[in-house]
>>> print(open('protein_21.txt').read())   # compact mmCIF, C-alpha atoms
# COMPACT_ATOMS: atom_id res chain seq x y z
CA MET Y 1 31.11 -75.04 16.08
CA ARG Y 2 34.91 -75.26 15.94
CA LEU Y 3 37.04 -77.72 17.94
CA SER Y 4 39.36 -75.80 20.28
CA LEU Y 5 43.07 -76.37 20.73
CA ASP Y 6 42.56 -76.97 24.46
CA LYS Y 7 40.07 -79.73 23.72
CA ILE Y 8 42.57 -81.42 21.40
CA LYS Y 9 45.34 -81.26 24.00
CA LYS Y 10 43.19 -82.47 26.90
CA GLU Y 11 41.43 -85.32 25.11
CA LYS Y 12 42.62 -88.70 26.46
CA PRO Y 13 42.44 -91.99 24.53
CA SER Y 14 40.22 -94.76 25.82
CA LYS Y 15 39.41 -98.32 24.80
CA LYS Y 16 36.82 -97.02 22.36
CA ARG Y 17 37.87 -94.92 19.39
CA LYS Y 18 36.47 -91.37 19.42
CA HIS Y 19 35.57 -89.27 16.39
CA ILE Y 20 35.22 -85.58 17.31
CA SER Y 21 34.09 -83.12 14.63
CA VAL Y 22 36.68 -80.42 13.98
CA GLN Y 23 34.05 -78.11 12.49
CA ASP Y 24 30.32 -78.68 12.09
CA ARG Y 25 29.36 -80.35 8.81
CA SER Y 26 32.90 -80.22 7.47
CA GLY Y 27 33.47 -83.97 7.46
CA LEU Y 28 36.86 -83.49 9.14
CA PHE Y 29 37.30 -85.33 12.46
CA PHE Y 30 39.78 -85.47 15.32
CA VAL Y 31 40.35 -89.18 16.05
CA VAL Y 32 41.56 -90.35 19.48
CA GLU Y 33 42.37 -94.00 20.15
CA ARG Y 34 44.71 -96.29 22.01
CA GLU Y 35 47.11 -98.24 19.81
CA ASN Y 36 47.60 -102.00 20.10
CA LYS Y 37 51.05 -101.59 21.61
CA GLY Y 38 49.72 -99.37 24.36
CA GLY Y 39 50.61 -96.02 22.86
CA ASN Y 40 48.24 -93.11 22.37
CA CYS Y 41 47.20 -91.84 18.94
CA LYS Y 42 45.72 -88.46 18.10
CA ARG Y 43 45.17 -87.84 14.43
CA PHE Y 44 42.88 -86.12 11.93
CA GLU Y 45 40.73 -87.91 9.42
CA GLY Y 46 38.35 -86.75 6.71
CA ILE Y 47 35.24 -88.79 5.99
CA THR Y 48 33.31 -88.48 2.74
CA ASN Y 49 31.47 -90.56 0.14
CA TYR Y 50 33.01 -91.74 -3.11
CA PRO Y 51 31.71 -91.71 -5.70
CA LYS Y 52 29.12 -89.06 -4.92
CA GLY Y 53 25.52 -90.19 -4.84
CA ARG Y 54 23.55 -93.04 -3.33
CA GLY Y 55 25.92 -95.68 -4.64
CA GLY Y 56 28.97 -94.12 -2.98
CA LYS Y 57 30.91 -95.77 -0.19
CA THR Y 58 32.35 -94.16 2.93
CA VAL Y 59 36.01 -93.21 2.49
CA HIS Y 60 38.38 -92.36 5.37
CA VAL Y 61 41.20 -90.00 4.32
CA PRO Y 62 44.19 -89.50 6.69
CA MET Y 63 44.82 -85.77 7.12
CA GLY Y 64 47.73 -85.69 9.57
CA VAL Y 65 48.94 -86.65 13.05
CA TRP Y 66 48.68 -84.30 16.05
CA GLY Y 67 52.13 -83.29 17.30
CA GLN Y 68 53.84 -84.23 14.02
CA ASP Y 69 51.97 -82.85 10.98
CA ILE Y 70 49.67 -80.59 12.97
CA LYS Y 71 51.09 -78.70 15.93
CA GLY Y 72 48.92 -75.61 16.38
CA VAL Y 73 46.06 -73.42 15.17
CA LYS Y 74 47.85 -72.40 11.96
CA ASP Y 75 48.39 -76.02 10.94
CA LEU Y 76 44.82 -76.91 11.86
CA ASN Y 77 43.43 -74.09 9.71
CA LYS Y 78 45.60 -75.23 6.80
CA THR Y 79 44.34 -78.79 7.22
CA LEU Y 80 40.72 -77.60 7.09
CA ARG Y 81 41.41 -75.67 3.89
CA THR Y 82 43.16 -78.67 2.36
CA TRP Y 83 40.20 -80.87 3.24
CA GLU Y 84 37.75 -78.49 1.56
CA ASP Y 85 39.98 -78.28 -1.55
CA LEU Y 86 40.25 -82.07 -1.59
CA LYS Y 87 36.47 -82.54 -1.63
CA ILE Y 88 36.01 -80.00 -4.42
CA TRP Y 89 38.85 -81.54 -6.45
CA SER Y 90 37.40 -85.04 -6.06
CA LYS Y 91 33.94 -83.87 -7.10
CA GLU Y 92 35.18 -81.95 -10.15
CA THR Y 93 37.60 -84.60 -11.40
CA GLY Y 94 35.68 -87.70 -10.31
CA LYS Y 95 38.86 -89.12 -8.83
CA HIS Y 96 39.29 -90.92 -5.49
CA PRO Y 97 39.84 -88.43 -2.62
CA LYS Y 98 43.13 -90.07 -1.62
CA GLU Y 99 44.58 -89.30 -5.07
CA TYR Y 100 44.49 -85.59 -4.19
CA PHE Y 101 47.87 -85.80 -2.46
CA HIS Y 102 49.48 -87.26 -5.59
CA LYS Y 103 47.83 -84.99 -8.16
CA ASP Y 104 50.88 -82.75 -8.59
CA LYS Y 105 53.27 -85.67 -8.95
CA LYS Y 106 51.87 -86.79 -12.30
CA LYS Y 107 54.16 -86.67 -15.30
CA LYS Y 108 54.18 -83.53 -17.37
CA SER Y 109 51.57 -83.58 -20.10
CA SER Y 110 52.99 -84.35 -23.51
CA GLU Y 111 50.09 -82.54 -25.21
CA THR Y 112 50.96 -79.42 -27.16
CA LEU Y 113 49.21 -76.08 -26.96
CA LYS Y 114 47.66 -76.68 -30.39
CA GLU Y 115 46.23 -80.05 -29.33
CA VAL Y 116 44.66 -78.54 -26.21
CA PHE Y 117 43.23 -75.58 -28.15
CA ASP Y 118 41.72 -77.97 -30.71
CA GLU Y 119 40.16 -80.16 -27.99
CA TYR Y 120 38.72 -77.11 -26.26
CA LEU Y 121 37.26 -75.73 -29.50
CA VAL Y 122 35.47 -79.01 -30.28
CA ILE Y 123 33.50 -78.65 -27.04
CA TYR Y 124 33.10 -74.86 -27.31
CA LYS Y 125 31.60 -75.14 -30.81
CA GLN Y 126 28.67 -77.14 -29.41
CA GLN Y 127 27.76 -74.34 -27.00
CA VAL Y 128 27.74 -71.17 -29.13
CA LYS Y 129 26.74 -69.73 -32.48
CA GLU Y 130 29.02 -70.14 -35.51
CA LYS Y 131 30.07 -66.48 -35.56
CA VAL Y 132 31.07 -66.55 -31.87
CA PHE Y 133 32.96 -69.81 -32.40
CA LEU Y 134 34.91 -68.43 -35.36
CA ASP Y 135 35.86 -65.33 -33.38
CA ARG Y 136 37.24 -67.46 -30.55
CA GLN Y 137 39.02 -69.76 -32.98
CA ASN Y 138 40.70 -66.76 -34.61
CA LYS Y 139 41.87 -65.43 -31.25
CA LEU Y 140 43.35 -68.79 -30.27
CA ASN Y 141 45.06 -69.16 -33.64
CA GLN Y 142 46.56 -65.69 -33.23
CA MET Y 143 47.96 -66.62 -29.80
CA LEU Y 144 49.13 -69.97 -31.11
CA ARG Y 145 51.30 -68.21 -33.68
CA PHE Y 146 52.84 -66.15 -30.89
CA PHE Y 147 53.55 -69.03 -28.48
CA GLY Y 148 54.27 -71.70 -31.08
CA GLU Y 149 52.20 -74.78 -31.94
CA ASP Y 150 54.71 -77.21 -30.42
CA THR Y 151 54.77 -75.52 -27.00
CA LEU Y 152 53.78 -78.07 -24.37
CA ILE Y 153 50.73 -77.19 -22.31
CA SER Y 154 52.79 -77.87 -19.17
CA GLU Y 155 55.17 -75.09 -20.25
CA MET Y 156 52.27 -72.64 -19.93
CA GLU Y 157 51.85 -73.38 -16.22
CA TRP Y 158 52.45 -70.39 -13.98
CA ASP Y 159 55.50 -71.90 -12.23
CA ASN Y 160 57.00 -73.08 -15.51
CA GLY Y 161 57.28 -69.62 -17.02
CA GLY Y 162 53.75 -69.49 -18.45
CA ARG Y 163 52.95 -66.21 -16.72
CA ARG Y 164 56.04 -64.60 -18.22
CA ARG Y 165 55.15 -65.90 -21.72
CA LEU Y 166 51.64 -64.51 -21.40
CA GLN Y 167 53.03 -61.21 -20.17
CA GLU Y 168 55.13 -60.90 -23.33
CA LEU Y 169 52.01 -61.44 -25.46
CA VAL Y 170 50.13 -58.75 -23.55
CA LYS Y 171 53.05 -56.31 -23.89
CA SER Y 172 53.17 -56.82 -27.66
CA MET Y 173 49.42 -56.16 -27.97
CA ILE Y 174 49.54 -53.03 -25.82
CA ALA Y 175 52.44 -51.76 -27.96
CA ARG Y 176 50.19 -52.16 -31.02
CA GLY Y 177 47.43 -50.19 -29.28
CA VAL Y 178 44.99 -53.11 -28.97
CA VAL Y 179 44.59 -53.05 -25.19
CA TYR Y 180 40.99 -54.23 -25.09
CA HIS Y 181 41.83 -57.04 -27.50
CA SER Y 182 44.60 -58.17 -25.14
CA MET Y 183 42.07 -58.33 -22.30
CA ARG Y 184 39.67 -60.40 -24.41
CA CYS Y 185 42.48 -62.77 -25.39
CA CYS Y 186 43.48 -63.27 -21.76
CA SER Y 187 39.87 -64.05 -20.92
CA VAL Y 188 39.76 -66.66 -23.69
CA LEU Y 189 43.02 -68.20 -22.50
CA LYS Y 190 41.77 -68.37 -18.93
CA GLN Y 191 38.76 -70.42 -20.04
CA CYS Y 192 40.91 -72.64 -22.25
CA PHE Y 193 43.44 -73.29 -19.48
CA ASP Y 194 40.62 -73.95 -17.02
CA TYR Y 195 39.53 -76.68 -19.42
CA ALA Y 196 43.07 -78.07 -19.45
CA ILE Y 197 43.10 -78.13 -15.64
CA ARG Y 198 39.77 -79.98 -15.52
CA GLU Y 199 41.22 -82.53 -17.93
CA GLN Y 200 44.37 -82.79 -15.76
CA LEU Y 201 46.59 -81.52 -18.55
CA MET Y 202 47.73 -78.64 -16.33
CA ARG Y 203 48.27 -78.55 -12.59
CA ARG Y 204 45.55 -77.05 -10.45
CA ASP Y 205 46.10 -73.38 -9.52
CA GLN Y 206 48.66 -73.01 -12.33
CA ASN Y 207 46.54 -71.03 -14.81
CA PRO Y 208 48.76 -68.14 -16.00
CA ALA Y 209 45.70 -66.13 -17.12
CA SER Y 210 43.84 -66.41 -13.81
CA VAL Y 211 44.89 -62.92 -12.70
CA PRO Y 212 44.64 -59.74 -14.88
CA PHE Y 213 47.80 -57.78 -15.66
CA ASP Y 214 48.18 -54.34 -14.06
CA MET Y 215 49.57 -52.94 -17.32
CA GLN Y 216 46.21 -53.67 -18.98
CA LYS Y 217 44.28 -51.82 -16.29
CA VAL Y 218 46.53 -48.78 -16.67
CA ALA Y 219 46.50 -48.72 -20.47
CA TYR Y 220 42.80 -49.43 -21.04
CA LYS Y 221 40.56 -46.40 -21.51
CA PRO Y 222 36.93 -47.57 -21.85
CA GLN Y 223 34.79 -45.70 -24.37
CA ASN Y 224 31.01 -45.55 -24.32
CA ASN Y 225 28.90 -45.31 -27.44
CA PRO Y 226 28.06 -41.60 -27.79
CA ALA Y 227 24.41 -40.53 -27.76
CA ILE Y 228 22.57 -37.26 -28.21
CA SER Y 229 19.99 -35.94 -25.75
CA TRP Y 230 16.24 -36.25 -26.29
CA LYS Y 231 16.08 -32.50 -27.04
CA GLU Y 232 18.37 -33.06 -30.04
CA VAL Y 233 16.19 -35.78 -31.61
CA PRO Y 234 14.06 -33.36 -33.70
CA ASP Y 235 17.22 -32.07 -35.36
CA LEU Y 236 18.26 -35.67 -36.11
CA MET Y 237 14.90 -36.31 -37.80
CA LYS Y 238 15.30 -33.12 -39.85
CA ARG Y 239 18.79 -34.10 -41.02
CA ILE Y 240 17.56 -37.56 -42.03
CA GLU Y 241 14.89 -36.01 -44.26
CA GLU Y 242 17.30 -33.50 -45.79
CA SER Y 243 19.88 -36.19 -46.56
CA ASN Y 244 20.36 -37.12 -50.23
CA SER Y 245 20.92 -40.79 -49.34
CA SER Y 246 18.75 -43.47 -50.95
CA LEU Y 247 15.16 -44.13 -49.83
CA LEU Y 248 16.21 -47.65 -48.77
CA MET Y 249 18.88 -46.24 -46.48
CA LYS Y 250 16.49 -43.73 -44.93
CA CYS Y 251 13.87 -46.44 -44.36
CA ALA Y 252 16.48 -48.69 -42.73
CA VAL Y 253 17.53 -45.90 -40.35
CA LYS Y 254 13.95 -45.04 -39.42
CA PHE Y 255 13.05 -48.69 -38.91
CA TYR Y 256 16.10 -49.03 -36.68
CA LEU Y 257 15.09 -46.01 -34.58
CA MET Y 258 11.64 -47.56 -34.14
CA SER Y 259 12.51 -51.21 -33.55
CA CYS Y 260 14.92 -50.90 -30.56
CA ILE Y 261 16.86 -53.93 -31.84
CA ARG Y 262 20.61 -54.18 -32.43
CA VAL Y 263 21.67 -53.00 -35.88
CA GLY Y 264 23.46 -56.28 -36.67
CA ALA Y 265 20.15 -58.14 -36.44
CA LEU Y 266 18.04 -55.45 -38.13
CA VAL Y 267 19.93 -55.47 -41.44
CA ARG Y 268 19.35 -59.24 -41.70
CA PHE Y 269 15.54 -59.03 -41.49
CA GLU Y 270 13.75 -61.44 -43.84
CA TRP Y 271 10.17 -61.00 -45.02
CA ASP Y 272 9.31 -64.51 -43.83
CA TRP Y 273 10.02 -63.43 -40.25
CA PHE Y 274 6.91 -61.29 -40.13
CA ASP Y 275 4.01 -63.06 -38.41
CA GLU Y 276 0.91 -61.47 -39.96
CA GLU Y 277 -1.52 -63.34 -37.73
CA ASN Y 278 0.05 -61.94 -34.53
CA ASP Y 279 1.22 -58.70 -36.19
CA MET Y 280 4.82 -58.94 -35.05
CA TRP Y 281 8.34 -59.63 -36.22
CA VAL Y 282 9.79 -62.91 -34.93
CA ILE Y 283 13.58 -62.78 -35.06
CA PRO Y 284 15.16 -66.28 -34.91
CA SER Y 285 17.36 -66.83 -31.87
CA ASP Y 286 20.43 -67.68 -33.96
CA THR Y 287 20.36 -64.41 -35.94
CA PRO Y 288 23.84 -62.78 -35.91
CA GLY Y 289 23.76 -59.53 -33.98
CA LEU Y 290 20.87 -60.63 -31.77
CA LYS Y 291 23.34 -61.91 -29.15
CA ARG Y 292 21.04 -64.61 -27.90
CA THR Y 293 22.52 -67.34 -25.68
CA MET Y 294 20.91 -70.66 -24.89
CA THR Y 295 19.33 -71.13 -21.49
CA GLN Y 296 20.86 -73.52 -18.97
CA THR Y 297 18.59 -76.26 -20.37
CA GLY Y 298 19.74 -75.61 -23.95
CA GLU Y 299 16.47 -73.91 -24.93
CA LYS Y 300 16.62 -71.25 -27.65
CA TYR Y 301 14.22 -68.31 -27.70
CA ASP Y 302 13.37 -65.83 -30.45
CA HIS Y 303 13.10 -62.06 -30.16
CA LEU Y 304 9.69 -60.47 -30.72
CA ILE Y 305 8.97 -57.00 -32.08
CA PRO Y 306 5.28 -56.01 -32.07
CA ALA Y 307 4.43 -54.04 -35.21
CA THR Y 308 2.77 -50.62 -35.07
CA PRO Y 309 0.85 -48.51 -37.61
CA GLU Y 310 3.98 -46.39 -38.14
CA MET Y 311 6.06 -49.49 -38.79
CA HIS Y 312 3.50 -50.75 -41.31
CA LYS Y 313 3.85 -47.53 -43.32
CA LEU Y 314 7.60 -48.09 -43.57
CA MET Y 315 7.02 -51.76 -44.39
CA ASP Y 316 4.71 -50.76 -47.27
CA LEU Y 317 7.50 -48.59 -48.72
CA LEU Y 318 10.04 -51.37 -48.30
CA ARG Y 319 7.74 -53.95 -49.94
CA LYS Y 320 7.59 -51.79 -53.05
CA MET Y 321 11.39 -51.93 -53.21
CA ASN Y 322 12.25 -55.43 -51.94
CA GLY Y 323 8.99 -57.24 -51.25
CA TYR Y 324 9.76 -59.92 -53.85
CA GLN Y 325 13.20 -60.62 -52.34
CA LYS Y 326 14.35 -62.59 -49.27
CA TYR Y 327 15.79 -59.64 -47.36
CA VAL Y 328 13.84 -56.60 -46.24
CA PHE Y 329 16.95 -54.43 -46.59
CA LEU Y 330 18.37 -56.04 -49.73
CA SER Y 331 21.68 -54.51 -50.74
CA PRO Y 332 21.56 -52.89 -54.20
CA ASP Y 333 25.27 -53.63 -54.55
CA LYS Y 334 26.90 -57.06 -54.63
CA GLY Y 335 29.12 -56.41 -51.65
CA GLN Y 336 30.20 -58.40 -48.61
CA PHE Y 337 26.57 -59.03 -47.58
CA PRO Y 338 23.37 -59.81 -49.53
CA HIS Y 339 21.67 -57.19 -47.33
CA ILE Y 340 22.94 -53.73 -46.38
CA ASN Y 341 26.16 -53.68 -44.39
CA PRO Y 342 25.76 -53.63 -40.57
CA GLU Y 343 28.06 -50.59 -40.54
CA SER Y 344 25.96 -48.64 -43.04
CA ILE Y 345 23.76 -46.97 -40.41
CA ASN Y 346 26.81 -45.73 -38.48
CA ARG Y 347 28.28 -44.39 -41.71
CA PHE Y 348 24.99 -42.68 -42.48
CA LEU Y 349 24.97 -40.98 -39.07
CA GLY Y 350 28.56 -39.89 -39.63
CA ARG Y 351 27.61 -38.26 -42.95
CA LEU Y 352 24.81 -36.40 -41.16
CA GLY Y 353 27.41 -34.81 -38.89
CA TYR Y 354 27.04 -37.09 -35.86
CA LYS Y 355 30.53 -38.56 -35.84
CA ASN Y 356 31.61 -38.92 -32.18
CA LYS Y 357 28.14 -37.63 -31.18
CA LEU Y 358 25.83 -40.57 -31.93
CA THR Y 359 26.26 -44.19 -32.97
CA ALA Y 360 23.63 -46.76 -33.82
CA HIS Y 361 24.33 -48.56 -30.56
CA GLY Y 362 24.21 -45.25 -28.70
CA TRP Y 363 20.59 -44.85 -29.82
CA ARG Y 364 19.68 -47.75 -27.52
CA SER Y 365 20.56 -45.59 -24.51
CA ILE Y 366 18.12 -42.97 -25.83
CA VAL Y 367 15.40 -45.63 -26.03
CA VAL Y 368 15.98 -46.70 -22.43
CA THR Y 369 16.39 -43.17 -21.03
CA ALA Y 370 13.63 -41.39 -22.97
CA GLY Y 371 11.42 -44.44 -22.62
CA GLN Y 372 11.40 -43.90 -18.88
CA GLU Y 373 11.63 -40.11 -18.66
CA GLU Y 374 9.46 -39.04 -21.60
CA LEU Y 375 6.95 -41.90 -21.76
CA GLU Y 376 5.48 -42.04 -18.29
CA GLY Y 377 4.61 -45.37 -16.78
CA VAL Y 378 6.92 -47.56 -18.91
CA ASP Y 379 8.42 -50.32 -16.77
CA ARG Y 380 12.18 -50.65 -17.14
CA GLU Y 381 11.76 -54.43 -17.47
CA ILE Y 382 9.63 -53.88 -20.59
CA LEU Y 383 12.37 -51.70 -22.08
CA ARG Y 384 15.02 -54.30 -21.29
CA ARG Y 385 13.02 -57.00 -23.04
CA GLN Y 386 12.33 -54.83 -26.07
CA ILE Y 387 15.97 -53.90 -26.67
CA GLY Y 388 16.87 -57.59 -26.49
CA HIS Y 389 18.46 -57.97 -23.05
CA THR Y 390 17.91 -61.37 -21.50
CA ASP Y 391 18.89 -61.02 -17.85
CA HIS Y 392 15.59 -62.65 -16.84
CA LYS Y 393 16.89 -65.93 -18.29
CA SER Y 394 19.94 -66.04 -15.99
CA GLY Y 395 20.24 -67.65 -12.57
CA ALA Y 396 18.31 -70.59 -11.17
CA ILE Y 397 14.90 -68.99 -11.71
CA GLY Y 398 15.78 -68.10 -15.30
CA VAL Y 399 15.25 -71.74 -16.29
CA TYR Y 400 11.55 -71.35 -15.47
CA ASP Y 401 11.00 -67.77 -16.66
CA ARG Y 402 9.22 -67.83 -20.03
CA THR Y 403 7.51 -64.48 -19.76
CA ASN Y 404 7.64 -62.11 -22.72
CA PHE Y 405 5.11 -59.40 -21.67
CA ILE Y 406 4.21 -59.07 -25.32
CA GLU Y 407 1.06 -56.97 -24.83
CA LYS Y 408 2.84 -54.51 -22.57
CA ARG Y 409 5.65 -54.33 -25.10
CA ARG Y 410 3.10 -53.76 -27.88
CA THR Y 411 1.66 -50.84 -25.91
CA PHE Y 412 5.15 -49.39 -25.45
CA MET Y 413 6.03 -49.81 -29.14
CA LYS Y 414 2.86 -48.01 -30.24
CA THR Y 415 3.59 -45.12 -27.90
CA TRP Y 416 7.28 -45.04 -28.86
CA THR Y 417 6.82 -45.01 -32.64
CA LYS Y 418 4.06 -42.38 -32.35
CA GLU Y 419 6.39 -40.21 -30.27
CA LEU Y 420 9.10 -40.45 -32.95
CA ILE Y 421 6.58 -39.03 -35.42
CA ASN Y 422 5.91 -36.21 -32.94
CA GLN Y 423 9.66 -35.54 -32.90
CA GLY Y 424 9.71 -35.03 -36.67
CA MET Y 425 10.10 -38.46 -38.29
CA LYS Y 426 8.46 -38.57 -41.75
CA LEU Y 427 6.98 -41.78 -43.20
CA SER Y 428 6.30 -40.75 -46.78
>>> encode(input="protein_21.txt", output="structure tokens")
Amino acid sequence: MRLSLDKIKKEKPSKKRKHISVQDRSGLFFVVERENKGGNCKRFEGITNYPKGRGGKTVHVPMGVWGQDIKGVKDLNKTLRTWEDLKIWSKETGKHPKEYFHKDKKKKSSETLKEVFDEYLVIYKQQVKEKVFLDRQNKLNQMLRFFGEDTLISEMEWDNGGRRRLQELVKSMIARGVVYHSMRCCSVLKQCFDYAIREQLMRRDQNPASVPFDMQKVAYKPQNNPAISWKEVPDLMKRIEESNSSLLMKCAVKFYLMSCIRVGALVRFEWDWFDEENDMWVIPSDTPGLKRTMTQTGEKYDHLIPATPEMHKLMDLLRKMNGYQKYVFLSPDKGQFPHINPESINRFLGRLGYKNKLTAHGWRSIVVTAGQEELEGVDREILRRQIGHTDHKSGAIGVYDRTNFIEKRRTFMKTWTKELINQGMKLS
């Protein structure tokens, strides 16, 4: 319930001080009392605990005097918003609530952009895989070269010209045709500047990357990974067989079509990952390309691929070629990787005539679509798990969800790989 303006005006002071709630459970009160000199006092006061928790003490925060600081509904609404911001700020920073009104008066930070980026990266590195960390580090280094290492973090605040500086960076990227990259960089900067705000190196609400640029929205043209229809799959199988590519390459493509996993993880398969006792592949959670993230509790979880008779036939062929080596898809050339290049399957599809028609990632949409339309009774949740999506681990309940539905996934995989044979895939 909200305290009305009429109630505020009509309330008369008495010998005993009155605390009247401005809004239920807000912690903001209208205080009415008679002063020692005989005058009347009507003011607003916020009451909260500091620090938070059982050991906290009650803190009274002056929020303004009626008739001076607060004169009507508009001022009262602003005071309520300020009080809510104050409580959030105190909780996030751990600082005394009364310091809120002095937070913007602190001296400008003397830390440079490079120092803040380095501090942020130290923390970020502990939360992600090495490959993801290096990508973010490269993006920040690229932006650092544009802005200058000695630029003060305070100079990147919105009101200090930071928004204009960021706009110039975005313009230069759009001019080079890397629109999506500019959007990713802005997202990285937003997170980095949010860190700076939490550490009180930047003023609150001064993040120059907090709002997207309209020029990015106009220039960006999203592109989906192309995919063929289910009716065109037999022709794909025929072209694979007729290709004069190596047997290793053909086996890798067929194994990819069966496994439903991302190509970046597939090419890194190691023979030791196969669990013979449970007849499945166990892909470690930190495998590049798997795109696994830790749960909220820091738990890591592997990806499971139940093996099928059709898979075993391919595995027998691959063992004859690379069974004595570490990698299932060992590269015959000493190139960038010890295994075949993650781009090799896309290149193979391009040579088959599927450029702009089908990509390796586009095949995943065929798995999900045909898995539901052609294989009756397959639950979409089973498909999501098998292609490596981990939505079930998000949210509050995700902390407790350890289901893997492995037997249902095994049933799907057997049906799926058998259907690929029906569509023309050869295993010999």
>>> atom_distance(input="protein_21.txt", atom1="CA of His303 (chain Y)", atom2="CA of Tyr124 (chain Y)")
23.9 Å
>>> residues_around(input="protein_21.txt", residues="Lys418 (chain Y)", least_positions_apart="4", cutoff="8 Å", atoms="all atoms listed in the file", output="list of chain:residue names")
Y:Glu310, Y:Lys414, Y:Asn422
>>> residues_around(input="protein_21.txt", residues="region 160-171 of chain Y", least_positions_apart="6", cutoff="10 Å", atoms="all atoms listed in the file", output="list in words")
Met143, Phe146, Phe147, Ile153, Ser154, Gly177, Val178, Val179, His181, Ser182, Met183, Cys185, Cys186, Leu189, Gln206, Asn207, Pro208, Ala209, Ser210, Val211, Phe213, Met215 and Gln216 of chain Y
>>> atom_distance(input="protein_21.txt", atom1="CA of Val218 (chain Y)", atom2="CA of Ser187 (chain Y)")
17.2 Å
>>> atom_distance(input="protein_21.txt", atom1="CA of Val367 (chain Y)", atom2="CA of Val132 (chain Y)")
26.8 Å
>>> closest_residue(input="protein_21.txt", among="Y:Glu199, Y:Asp194, Y:Glu241, Y:Glu119", to="Lys95 (chain Y)", atoms="all atoms listed in the file")
Y:Glu199
>>> closest_residue(input="protein_21.txt", among="Y:Lys355, Y:Lys87, Y:Arg204, Y:Arg17", to="Val61 (chain Y)", atoms="only C-alpha atoms")
Y:Lys87
>>> closest_residue(input="protein_21.txt", among="Y:Phe269, Y:Asn404, Y:Leu152, Y:Lys426", to="Tyr301 (chain Y)", atoms="only C-alpha atoms")
Y:Asn404
>>> residues_around(input="protein_21.txt", residues="Leu28 (chain Y)", least_positions_apart="4", cutoff="9 Å", atoms="all atoms listed in the file", output="ChimeraX atom specification")
/Y:20-24,44-48,63,80,83
>>> closest_residue(input="protein_21.txt", among="Y:Ile421, Y:Ala196, Y:Leu247, Y:Leu86", to="Pro234 (chain Y)", atoms="only C-alpha atoms")
Y:Ile421
>>> closest_residue(input="protein_21.txt", among="Y:Thr369, Y:Ser90, Y:Gln336, Y:Thr151", to="Lys103 (chain Y)", atoms="only C-alpha atoms")
Y:Ser90
